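Raw contents of target-v9.txt, compact mmCIF, C-alpha atoms:
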# COMPACT_ATOMS: atom_id res chain seq x y z
CA MET A 90 6.01 1.00 10.14
CA THR A 91 6.72 -1.67 12.73
CA ASP A 92 6.22 -5.27 11.72
CA VAL A 93 3.56 -6.54 14.14
CA GLN A 94 2.42 -10.09 14.84
CA ARG A 95 -0.61 -10.95 16.94
CA VAL A 96 -0.13 -13.46 19.74
CA SER A 97 -2.69 -16.09 20.61
CA ALA A 98 -5.84 -14.83 22.29
CA THR A 99 -5.19 -17.24 25.15
CA HIS A 100 -2.77 -14.57 26.36
CA SER A 101 -5.35 -11.77 26.41
CA ILE A 102 -5.77 -9.44 29.35
CA ALA A 103 -9.11 -11.11 30.01
CA ASN A 104 -7.43 -14.49 30.61
CA SER A 105 -4.32 -13.28 32.39
CA PRO A 106 -4.20 -14.23 36.08
CA LEU A 107 -2.91 -10.75 36.92
CA PHE A 108 -5.43 -8.55 35.12
CA LEU A 109 -9.12 -8.01 34.88
CA ARG A 110 -10.32 -6.75 31.54
CA ALA A 111 -10.74 -2.97 31.60
CA THR A 112 -14.22 -1.62 32.19
CA THR A 113 -16.06 -0.71 29.01
CA ALA A 114 -15.77 2.83 27.72
CA SER A 115 -19.33 3.76 28.76
CA THR A 116 -18.42 3.44 32.44
CA VAL A 117 -15.23 5.52 32.34
CA ALA A 118 -15.44 8.64 34.45
CA ALA A 119 -14.74 12.09 33.07
CA SER A 120 -11.26 11.91 34.62
CA GLY A 121 -10.45 8.98 32.34
CA CYS A 122 -10.33 6.51 35.25
CA VAL A 123 -12.58 3.72 36.48
CA ASP A 124 -11.24 3.90 40.04
CA ALA A 125 -11.75 7.03 42.12
CA ALA A 126 -8.38 6.47 43.83
CA VAL A 127 -6.56 6.76 40.49
CA GLU A 128 -5.95 10.15 38.87
CA CYS A 129 -5.23 10.75 35.19
CA VAL A 130 -3.09 13.88 35.23
CA ASP A 131 -0.77 16.08 33.19
CA PRO A 132 2.45 16.43 35.25
CA GLY A 133 3.19 19.73 33.52
CA GLN A 134 0.21 21.23 35.33
CA LEU A 135 1.43 20.14 38.79
CA PRO A 136 4.28 22.36 40.08
CA ASP A 137 5.34 19.91 42.80
CA TRP A 138 5.53 16.88 40.50
CA ASP A 139 9.29 16.69 39.94
CA SER A 140 10.22 17.55 43.53
CA SER A 141 7.91 14.80 44.80
CA LEU A 142 9.28 12.39 42.22
CA ALA A 143 12.90 13.05 43.19
CA ALA A 144 12.15 11.62 46.64
CA HIS A 145 11.01 8.29 45.19
CA PRO A 146 13.87 5.73 45.17
CA GLN A 147 12.87 4.42 41.72
CA GLY A 148 11.97 7.77 40.18
CA SER A 149 13.91 8.83 37.08
CA ILE A 150 13.92 11.72 34.64
CA PHE A 151 11.60 9.71 32.39
CA HIS A 152 8.85 9.87 35.04
CA SER A 153 9.28 13.62 35.36
CA GLY A 154 7.19 16.52 34.17
CA ALA A 155 10.34 17.83 32.47
CA TRP A 156 10.51 14.85 30.09
CA ALA A 157 6.75 15.03 29.52
CA SER A 158 7.16 18.68 28.52
CA VAL A 159 9.89 17.76 26.00
CA LEU A 160 7.65 15.17 24.34
CA GLU A 161 4.56 17.37 24.38
CA SER A 162 6.20 20.57 23.15
CA THR A 163 8.17 18.81 20.38
CA TYR A 164 5.62 16.36 19.02
CA GLY A 165 2.26 17.37 20.46
CA TYR A 166 1.78 14.14 22.42
CA LYS A 167 -0.75 14.36 25.26
CA PRO A 168 0.29 13.28 28.78
CA ARG A 169 -1.95 10.65 30.38
CA TYR A 170 -0.23 9.86 33.66
CA PHE A 171 -2.15 7.43 35.86
CA THR A 172 -1.21 7.81 39.49
CA VAL A 173 -2.22 7.30 43.08
CA ARG A 174 -0.80 9.91 45.43
CA GLN A 175 -1.18 10.42 49.14
CA ASP A 176 -0.24 13.70 50.84
CA GLY A 177 1.67 14.68 47.69
CA ALA A 178 3.81 11.52 47.69
CA PHE A 179 3.67 8.89 44.96
CA ARG A 180 2.18 5.55 45.88
CA SER A 181 2.05 4.32 42.29
CA LEU A 182 2.54 5.80 38.82
CA LEU A 183 2.08 4.63 35.24
CA PRO A 184 3.07 7.40 32.78
CA LEU A 185 1.57 7.28 29.29
CA MET A 186 1.51 9.57 26.30
CA GLU A 187 -1.28 9.62 23.75
CA VAL A 188 0.21 9.61 20.26
CA ASP A 189 -2.30 10.67 17.61
CA SER A 190 -0.95 10.26 14.09
CA CYS A 191 -2.68 10.34 10.73
CA LEU A 192 -0.11 7.78 9.52
CA THR A 193 0.24 5.37 12.42
CA GLY A 194 -3.00 5.87 14.34
CA ARG A 195 -3.85 6.77 17.91
CA ARG A 196 -2.28 4.78 20.73
CA GLY A 197 -0.85 4.99 24.22
CA ILE A 198 2.89 4.59 24.81
CA SER A 199 4.79 4.49 28.09
CA LEU A 200 6.79 6.41 26.96
CA PRO A 201 7.79 7.58 23.45
CA PHE A 202 11.56 7.89 22.80
CA THR A 203 12.19 6.37 26.22
CA ASP A 204 14.45 3.33 26.50
CA GLU A 205 12.73 2.07 29.61
CA CYS A 206 10.13 3.54 31.95
CA GLU A 207 9.39 1.28 34.89
CA PRO A 208 6.06 1.92 36.61
CA LEU A 209 6.38 3.11 40.17
CA SER A 210 4.38 0.47 41.97
CA ALA A 211 4.93 -1.26 45.26
CA ASP A 212 3.08 -4.46 44.36
CA PRO A 213 1.37 -6.28 41.45
CA GLU A 214 -2.10 -5.42 42.72
CA SER A 215 -1.54 -1.65 42.56
CA PHE A 216 0.06 -2.04 39.13
CA LYS A 217 -2.96 -4.03 37.95
CA ASN A 218 -5.21 -1.20 39.05
CA LEU A 219 -3.21 1.37 37.08
CA VAL A 220 -3.22 -0.80 33.96
CA LYS A 221 -6.97 -1.42 34.28
CA ASN A 222 -7.58 2.32 34.31
CA ALA A 223 -5.16 2.94 31.44
CA LEU A 224 -6.85 0.33 29.25
CA ALA A 225 -10.28 1.72 30.04
CA HIS A 226 -9.07 5.18 29.09
CA GLY A 227 -7.54 3.79 25.89
CA ARG A 228 -10.81 2.19 24.88
CA GLU A 229 -12.63 5.45 25.55
CA ARG A 230 -10.11 7.30 23.37
CA ASN A 231 -10.16 4.60 20.66
CA TRP A 232 -6.48 3.70 20.96
CA LYS A 233 -5.18 0.92 18.73
CA TYR A 234 -2.95 -0.44 21.44
CA VAL A 235 -1.02 0.36 24.61
CA GLU A 236 2.73 -0.22 24.76
CA PHE A 237 4.47 -0.63 28.12
CA ARG A 238 8.22 -0.03 28.11
CA GLY A 239 8.69 -1.22 31.66
CA GLY A 240 7.07 -3.37 34.33
CA ARG A 241 7.56 -6.59 32.40
CA LYS A 242 7.78 -8.78 35.52
CA LEU A 243 4.52 -7.39 36.88
CA PHE A 244 2.61 -8.69 33.86
CA GLY A 245 3.18 -12.32 34.72
CA ASP A 246 3.17 -15.01 32.03
CA VAL A 247 2.42 -12.96 28.94
CA PRO A 248 4.49 -12.65 25.73
CA ALA A 249 6.86 -9.73 25.21
CA SER A 250 6.64 -7.54 22.12
CA LEU A 251 10.34 -6.60 21.95
CA ALA A 252 13.49 -7.43 23.89
CA PHE A 253 16.74 -5.54 24.48
CA TYR A 254 19.76 -5.49 26.75
CA SER A 255 19.88 -2.84 29.45
CA HIS A 256 23.09 -1.80 31.21
CA GLU A 257 23.73 0.10 34.41
CA VAL A 258 26.92 1.36 36.06
CA ASP A 259 27.23 1.40 39.85
CA LEU A 260 28.64 4.82 40.79
CA ASN A 261 29.45 4.02 44.41
CA GLY A 262 32.95 3.62 45.81
CA GLY A 263 35.01 6.57 44.65
CA GLU A 264 37.14 7.21 41.56
CA GLU A 265 39.71 4.48 42.18
CA VAL A 266 37.02 1.84 42.67
CA LEU A 267 35.21 3.04 39.55
CA SER A 268 38.42 2.87 37.53
CA ASN A 269 39.16 -0.66 38.72
CA ARG A 270 35.74 -1.82 37.55
CA VAL A 271 36.47 -0.64 34.01
CA ASP A 272 38.08 -3.08 31.57
CA SER A 273 41.80 -2.63 31.04
CA SER A 274 41.25 -1.93 27.33
CA VAL A 275 38.91 0.94 28.25
CA ARG A 276 41.44 2.38 30.69
CA ARG A 277 44.07 2.29 27.93
CA ALA A 278 41.69 4.11 25.60
CA ILE A 279 41.11 6.82 28.20
CA LYS A 280 44.86 7.28 28.71
CA LYS A 281 45.42 7.42 24.96
CA ALA A 282 42.85 10.20 24.60
CA GLU A 283 44.46 12.18 27.40
CA LYS A 284 48.01 11.71 26.09
CA THR A 285 47.12 12.76 22.55
CA GLY A 286 45.72 16.04 23.82
CA VAL A 287 41.97 15.39 23.80
CA THR A 288 40.25 17.67 26.30
CA VAL A 289 36.84 17.23 27.86
CA GLU A 290 34.32 19.67 29.30
CA THR A 291 30.75 19.76 30.59
CA SER A 292 28.20 22.21 29.28
CA SER A 293 24.71 23.34 30.26
CA GLY A 294 24.38 25.96 27.54
CA LEU A 295 22.44 25.81 24.31
CA GLU A 296 25.68 26.11 22.33
CA GLY A 297 26.82 22.79 23.78
CA VAL A 298 23.58 21.25 22.55
CA ARG A 299 24.19 22.71 19.08
CA ILE A 300 27.68 21.22 18.96
CA PHE A 301 26.32 17.85 20.05
CA TYR A 302 23.59 17.99 17.41
CA SER A 303 26.09 18.66 14.64
CA LEU A 304 27.99 15.53 15.65
CA LEU A 305 24.74 13.58 16.01
CA CYS A 306 23.79 14.26 12.40
CA ARG A 307 27.11 12.79 11.29
CA THR A 308 26.70 9.77 13.55
CA ARG A 309 23.14 9.10 12.39
CA LYS A 310 24.29 9.18 8.78
CA LYS A 311 26.97 6.61 9.59
CA HIS A 312 24.38 4.34 11.22
CA GLY A 313 21.86 4.88 8.45
CA MET A 314 19.21 6.63 10.55
CA PRO A 315 17.68 10.12 10.25
CA PRO A 316 18.39 12.51 13.13
CA GLN A 317 15.59 13.81 15.27
CA PRO A 318 14.75 17.49 14.67
CA PHE A 319 16.85 20.08 16.45
CA SER A 320 13.66 21.35 18.12
CA PHE A 321 13.67 18.13 20.16
CA PHE A 322 17.12 18.89 21.57
CA ARG A 323 16.31 22.57 22.00
CA ASN A 324 13.37 21.48 24.16
CA ILE A 325 15.64 19.08 26.06
CA HIS A 326 17.81 22.09 26.85
CA GLN A 327 14.86 24.24 27.86
CA HIS A 328 13.06 21.71 30.05
CA ILE A 329 15.90 19.54 31.33
CA ILE A 330 19.44 20.84 30.94
CA SER A 331 18.71 24.48 31.84
CA ARG A 332 16.96 23.22 34.99
CA ASN A 333 20.08 21.35 36.14
CA LEU A 334 18.55 17.98 35.26
CA GLY A 335 21.10 17.16 32.58
CA ILE A 336 24.43 18.03 30.96
CA VAL A 337 26.29 17.77 27.68
CA VAL A 338 29.83 16.37 27.88
CA LEU A 339 32.11 17.44 25.00
CA ALA A 340 35.52 16.18 23.87
CA ARG A 341 37.76 18.38 21.71
CA TYR A 342 40.98 17.85 19.83
CA GLU A 343 42.92 20.99 18.99
CA GLY A 344 39.76 22.94 19.67
CA ARG A 345 37.59 20.87 17.32
CA PRO A 346 34.62 18.92 18.79
CA ILE A 347 35.16 15.20 18.16
CA ALA A 348 32.69 13.53 20.56
CA ALA A 349 29.76 14.48 22.77
CA ALA A 350 27.00 12.92 24.84
CA VAL A 351 23.82 14.02 26.61
CA TYR A 352 23.09 12.84 30.15
CA PHE A 353 20.00 13.24 32.34
CA GLY A 354 19.80 13.04 36.12
CA LEU A 355 17.11 13.11 38.80
CA GLY A 356 17.39 12.06 42.42
CA THR A 357 20.19 9.49 42.60
CA ARG A 358 19.71 8.06 39.08
CA ALA A 359 21.56 9.33 36.01
CA ILE A 360 20.96 8.27 32.40
CA TYR A 361 23.21 8.28 29.33
CA LYS A 362 20.68 9.25 26.69
CA TYR A 363 22.48 10.21 23.45
CA GLY A 364 26.02 9.92 22.14
CA ALA A 365 27.70 11.17 18.96
CA SER A 366 31.16 11.56 17.47
CA ASP A 367 33.21 12.49 14.42
CA GLU A 368 34.34 9.20 12.87
CA THR A 369 37.44 10.89 11.44
CA PHE A 370 38.87 11.13 14.97
CA GLN A 371 37.62 7.81 16.31
CA HIS A 372 41.19 6.60 16.83
CA LEU A 373 41.66 9.30 19.49
CA ARG A 374 39.05 7.61 21.72
CA GLY A 375 37.10 10.76 22.48
CA ASN A 376 33.96 8.73 23.27
CA ASN A 377 35.81 6.90 26.03
CA LEU A 378 36.99 10.13 27.60
CA VAL A 379 33.48 11.59 27.44
CA MET A 380 31.97 8.60 29.24
CA TRP A 381 34.70 8.52 31.88
CA GLU A 382 34.23 12.22 32.61
CA ALA A 383 30.47 11.69 32.88
CA ILE A 384 30.90 8.77 35.29
CA LYS A 385 33.18 10.82 37.55
CA TRP A 386 30.97 13.93 37.31
CA HIS A 387 27.82 12.11 38.37
CA ALA A 388 29.55 10.09 41.10
CA GLN A 389 31.00 13.26 42.63
CA ARG A 390 27.51 14.77 42.82
CA GLY A 391 25.92 11.90 44.70
CA PHE A 392 24.34 9.90 41.90
CA LYS A 393 24.27 6.18 42.68
CA THR A 394 23.68 4.66 39.26
CA LEU A 395 24.19 5.55 35.61
CA SER A 396 21.90 3.81 33.15
CA LEU A 397 23.45 3.27 29.73
CA GLY A 398 20.09 2.72 28.03
CA ARG A 399 18.90 -0.08 25.78
CA THR A 400 20.91 -2.06 23.24
CA SER A 401 19.50 -4.21 20.44
CA LEU A 402 20.18 -7.91 21.01
CA GLY A 403 22.16 -8.08 17.77
CA ASN A 404 24.35 -5.02 18.37
CA GLU A 405 27.41 -6.71 19.84
CA GLY A 406 29.66 -3.69 19.30
CA LEU A 407 27.56 -1.37 21.43
CA ARG A 408 27.00 -4.13 23.97
CA ARG A 409 30.77 -4.62 24.40
CA PHE A 410 31.28 -0.86 24.75
CA LYS A 411 28.78 -0.69 27.62
CA LEU A 412 30.01 -3.85 29.36
CA GLY A 413 33.52 -2.41 29.22
CA TRP A 414 32.51 0.15 31.85
CA GLY A 415 31.81 -2.56 34.39
CA ALA A 416 28.07 -2.27 33.80
CA SER A 417 25.62 -4.91 34.93
CA GLU A 418 23.45 -6.37 32.19
CA VAL A 419 19.82 -7.47 32.19
CA ARG A 420 17.36 -8.36 29.48
CA SER A 421 14.57 -5.80 29.17
CA GLU A 422 11.26 -6.52 27.47
CA TYR A 423 8.34 -4.41 26.29
CA VAL A 424 4.69 -5.47 26.35
CA LYS A 425 2.12 -4.29 23.78
CA TYR A 426 -1.61 -4.93 24.09
CA ASP A 427 -4.02 -4.65 21.16
CA LEU A 428 -7.18 -2.97 22.45
CA ARG A 429 -9.21 -3.72 19.33
CA ASN A 430 -8.57 -7.48 19.23
CA ASP A 431 -7.80 -8.12 22.92
CA CYS A 432 -4.47 -9.81 22.40
CA PHE A 433 -0.79 -9.16 22.90
CA LEU A 434 1.39 -8.13 19.97
CA ALA A 435 4.89 -9.16 18.97
CA ASP A 436 7.03 -6.59 17.16
CA LYS A 437 10.19 -6.83 15.12
CA ASP A 438 13.21 -4.74 16.11
CA GLU A 439 13.66 -2.53 13.05
CA SER A 440 16.76 -0.65 14.15
CA SER A 441 18.58 -2.34 11.27
CA GLY A 442 17.38 -3.15 7.75
CA TRP A 443 17.27 -1.93 4.18
CA HIS A 444 16.45 1.63 5.28
CA ASN A 445 19.94 1.97 6.80
CA GLN A 446 21.53 1.77 3.35
CA VAL A 447 19.17 4.45 2.06
CA PHE A 448 19.91 6.95 4.83
CA ARG A 449 23.67 6.36 4.59
CA ARG A 450 23.51 7.64 1.03
CA LEU A 451 21.30 10.67 1.65
CA PRO A 452 22.78 14.12 2.30
CA VAL A 453 22.50 15.17 5.94
CA PHE A 454 20.09 18.02 5.19
CA VAL A 455 17.71 15.59 3.45
CA SER A 456 17.86 13.17 6.39
CA ARG A 457 17.13 16.05 8.75
CA MET A 458 14.05 17.00 6.76
CA ILE A 459 12.82 13.40 6.78
CA GLY A 460 13.51 13.03 10.49
CA ALA A 461 11.63 16.24 11.28
CA GLY A 462 8.52 14.78 9.66
CA LEU A 463 8.95 11.13 10.57
CA TYR A 464 9.64 10.97 14.30
CA ARG A 465 6.32 12.43 15.38
CA HIS A 466 4.56 9.46 13.77
CA TRP A 467 7.19 6.91 14.73
CA ALA A 468 7.19 7.62 18.51

Could the structure of this file be written out as structure tokens, please?
Amino acid sequence: MTDVQRVSATHSIANSPLFLRATTASTVAASGCVDAAVECVDPGQLPDWDSSLAAHPQGSIFHSGAWASVLESTYGYKPRYFTVRQDGAFRSLLPLMEVDSCLTGRRGISLPFTDECEPLSADPESFKNLVKNALAHGRERNWKYVEFRGGRKLFGDVPASLAFYSHEVDLNGGEEVLSNRVDSSVRRAIKKAEKTGVTVETSSGLEGVRIFYSLLCRTRKKHGMPPQPFSFFRNIHQHIISRNLGIVVLARYEGRPIAAAVYFGLGTRAIYKYGASDETFQHLRGNNLVMWEAIKWHAQRGFKTLSLGRTSLGNEGLRRFKLGWGASEVRSEYVKYDLRNDCFLADKDESSGWHNQVFRRLPVFVSRMIGAGLYRHWA
């Protein structure tokens, strides 16, 4: 479980200059909202959700009904998306999932297994209104806390629970411009992969997902982490990749898969979500060729940015890899609010620790079994 530290009550929602404390549970309407202008909806029940979202300049796959369906169908989380819409268009949106676990309790997360999910809000006042309704709903549902994985600046002067680096590649300018932005060492790695006979391909089939998952299990063992269940990636294929909202990019050497990555895309924003490789062939630089192919593929199809996801502050190796692609870097912070004690919480990044040594020693099939049971509660 996450190591949590309470922050001084002087930083409670009640005392924040941005927020009013949420209305008590007894006044929450049946819709789950305290404001009639705000809807609490399940995007999976609204056929026009993703098409409307694609028109929003800040909309991403993580705001979509497709991603909500992946989380709900894999882990049973319940969508609680607070939104204000006008004539079918989004004015503001705060997506949340209710996680109900016998081990870790009931809480709201925006969103589980999502690196970053910025609220779609034009101004702090509309964001405040969404948060007020979400907190009221959380009190009604007896949530332990609400975790926001985006919108940090809109909270004002409140403490963060966790911090990461986020990286993004600008896809504008054409292939030559993109290549010139990449570090010379990365360009050499790409050329080495090509010269040694590494080939690369894109896939939208389930078999490509299976190949990726096989490599992911090896990579997770190396990093000392259990893999998520294959059902999660099967649902990613069903709800995202098969609907042309994502691809798998595969690198092969002499016909053998040596590296692969999963990418999502909606509107003009693409996201590098998962990567994996066979360490035996690391010297062939298959990961570099996979990323370069993905950058070109998305740029050619009109995507403007490629997010490279979050990186732990202490993971210098992964940070250097992402910066090598000419990516811009910002510090991203989460905010977690304890609904039972009315205070903000500080977490500890537990991506590394004693558990890594344990999972490095376990057989892959054992780690898969543990991951299948663990991730639903972890969120």

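Separating atom CA of Pro316 of chain A from atom CA of Ala461 of chain A is a distance of 7.9 Å.
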
Write out as a compact mmCIF listing (two decimals) with C-alpha atoms, keeping the file's coordinate frame each polymer residue whose atoms come within 10 Å of segment 290-300 of chain A, counting all atoms listed in the file; drop sequence neighbours fewer than 3 positions from it.
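Result went into part30.txt, see below:
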# COMPACT_ATOMS: atom_id res chain seq x y z
CA SER A 303 26.09 18.66 14.64
CA LEU A 304 27.99 15.53 15.65
CA LEU A 305 24.74 13.58 16.01
CA PHE A 319 16.85 20.08 16.45
CA PHE A 322 17.12 18.89 21.57
CA ARG A 323 16.31 22.57 22.00
CA ILE A 325 15.64 19.08 26.06
CA HIS A 326 17.81 22.09 26.85
CA GLN A 327 14.86 24.24 27.86
CA ILE A 329 15.90 19.54 31.33
CA ILE A 330 19.44 20.84 30.94
CA SER A 331 18.71 24.48 31.84
CA ARG A 332 16.96 23.22 34.99
CA ASN A 333 20.08 21.35 36.14
CA LEU A 334 18.55 17.98 35.26
CA GLY A 335 21.10 17.16 32.58
CA ILE A 336 24.43 18.03 30.96
CA VAL A 337 26.29 17.77 27.68
CA VAL A 338 29.83 16.37 27.88
CA LEU A 339 32.11 17.44 25.00
CA ALA A 340 35.52 16.18 23.87
CA ARG A 341 37.76 18.38 21.71
CA PRO A 346 34.62 18.92 18.79
CA ILE A 347 35.16 15.20 18.16
CA ALA A 348 32.69 13.53 20.56
CA ALA A 349 29.76 14.48 22.77
CA ALA A 350 27.00 12.92 24.84
CA VAL A 351 23.82 14.02 26.61
CA VAL A 379 33.48 11.59 27.44
CA GLU A 382 34.23 12.22 32.61
CA ALA A 383 30.47 11.69 32.88
CA TRP A 386 30.97 13.93 37.31

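Picture a line from atom CA of Ile384 of chain A to atom CA of Leu142 of chain A; it runs 23.0 Å.
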
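Closest approach to Asp212 of chain A among A:Ile198, A:Leu182, A:Leu224, A:Met380: A:Leu182, based on all atoms listed in the file.
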
* Asked: atom CA of Gln371 of chain A and atom CA of Phe353 of chain A are how many Å apart?
  ->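 Answer for the atom CA of Gln371 of chain A to atom CA of Phe353 of chain A separation: 24.4 Å.
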
* Skip Ser250 of chain A itself and residues of its chain fewer than 6 positions away, then list as a PyMOL selection string all residues within 8 Å of it, counting only C-alpha atoms. => chain A and resi 422-425+433-437

* To do: Considering all atoms listed in the file, return as a list in words whatever protein or nucleic-acid residues lie within 8 Å of segment 143-158 of chain A, sequence-local ones (same chain, fewer than 3 positions apart) excluded.
  =>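 Contacts, with the query itself left out: Pro132, Gly133, Trp138, Asp139, Ser140, Glu161, Ser162, Pro168, Phe179, Pro184, Leu200, Thr203, Cys206, Leu209, Ile325, His328, Ile329, Leu334, Phe353, Gly354, Leu355, Gly356, Thr357, Arg358 and Ala359 of chain A.
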
Go ahead and save the residues from that selection, with C-alpha atoms, as a compact mmCIF listing (two decimals), in the frame of the given file.
# COMPACT_ATOMS: atom_id res chain seq x y z
CA PRO A 132 2.45 16.43 35.25
CA GLY A 133 3.19 19.73 33.52
CA TRP A 138 5.53 16.88 40.50
CA ASP A 139 9.29 16.69 39.94
CA SER A 140 10.22 17.55 43.53
CA GLU A 161 4.56 17.37 24.38
CA SER A 162 6.20 20.57 23.15
CA PRO A 168 0.29 13.28 28.78
CA PHE A 179 3.67 8.89 44.96
CA PRO A 184 3.07 7.40 32.78
CA LEU A 200 6.79 6.41 26.96
CA THR A 203 12.19 6.37 26.22
CA CYS A 206 10.13 3.54 31.95
CA LEU A 209 6.38 3.11 40.17
CA ILE A 325 15.64 19.08 26.06
CA HIS A 328 13.06 21.71 30.05
CA ILE A 329 15.90 19.54 31.33
CA LEU A 334 18.55 17.98 35.26
CA PHE A 353 20.00 13.24 32.34
CA GLY A 354 19.80 13.04 36.12
CA LEU A 355 17.11 13.11 38.80
CA GLY A 356 17.39 12.06 42.42
CA THR A 357 20.19 9.49 42.60
CA ARG A 358 19.71 8.06 39.08
CA ALA A 359 21.56 9.33 36.01

* Around (10.6, 12.9, 10.0) in the file's frame, which residues reach within 12 Å when counting only C-alpha atoms? Return as an MDAnalysis selection string? -> chainID A and resid 164 192 314:319 321 454:468

Set up a box along x, y and z of the file covering all listed atoms of segment 250-261 of chain A, add 8 Å on every one of the six sides, and write the centre and edge lengths in Å to one decimal, as JSON.
{"center_x": 18.0, "center_y": -1.4, "center_z": 33.2, "size_x": 38.8, "size_y": 28.4, "size_z": 38.5}
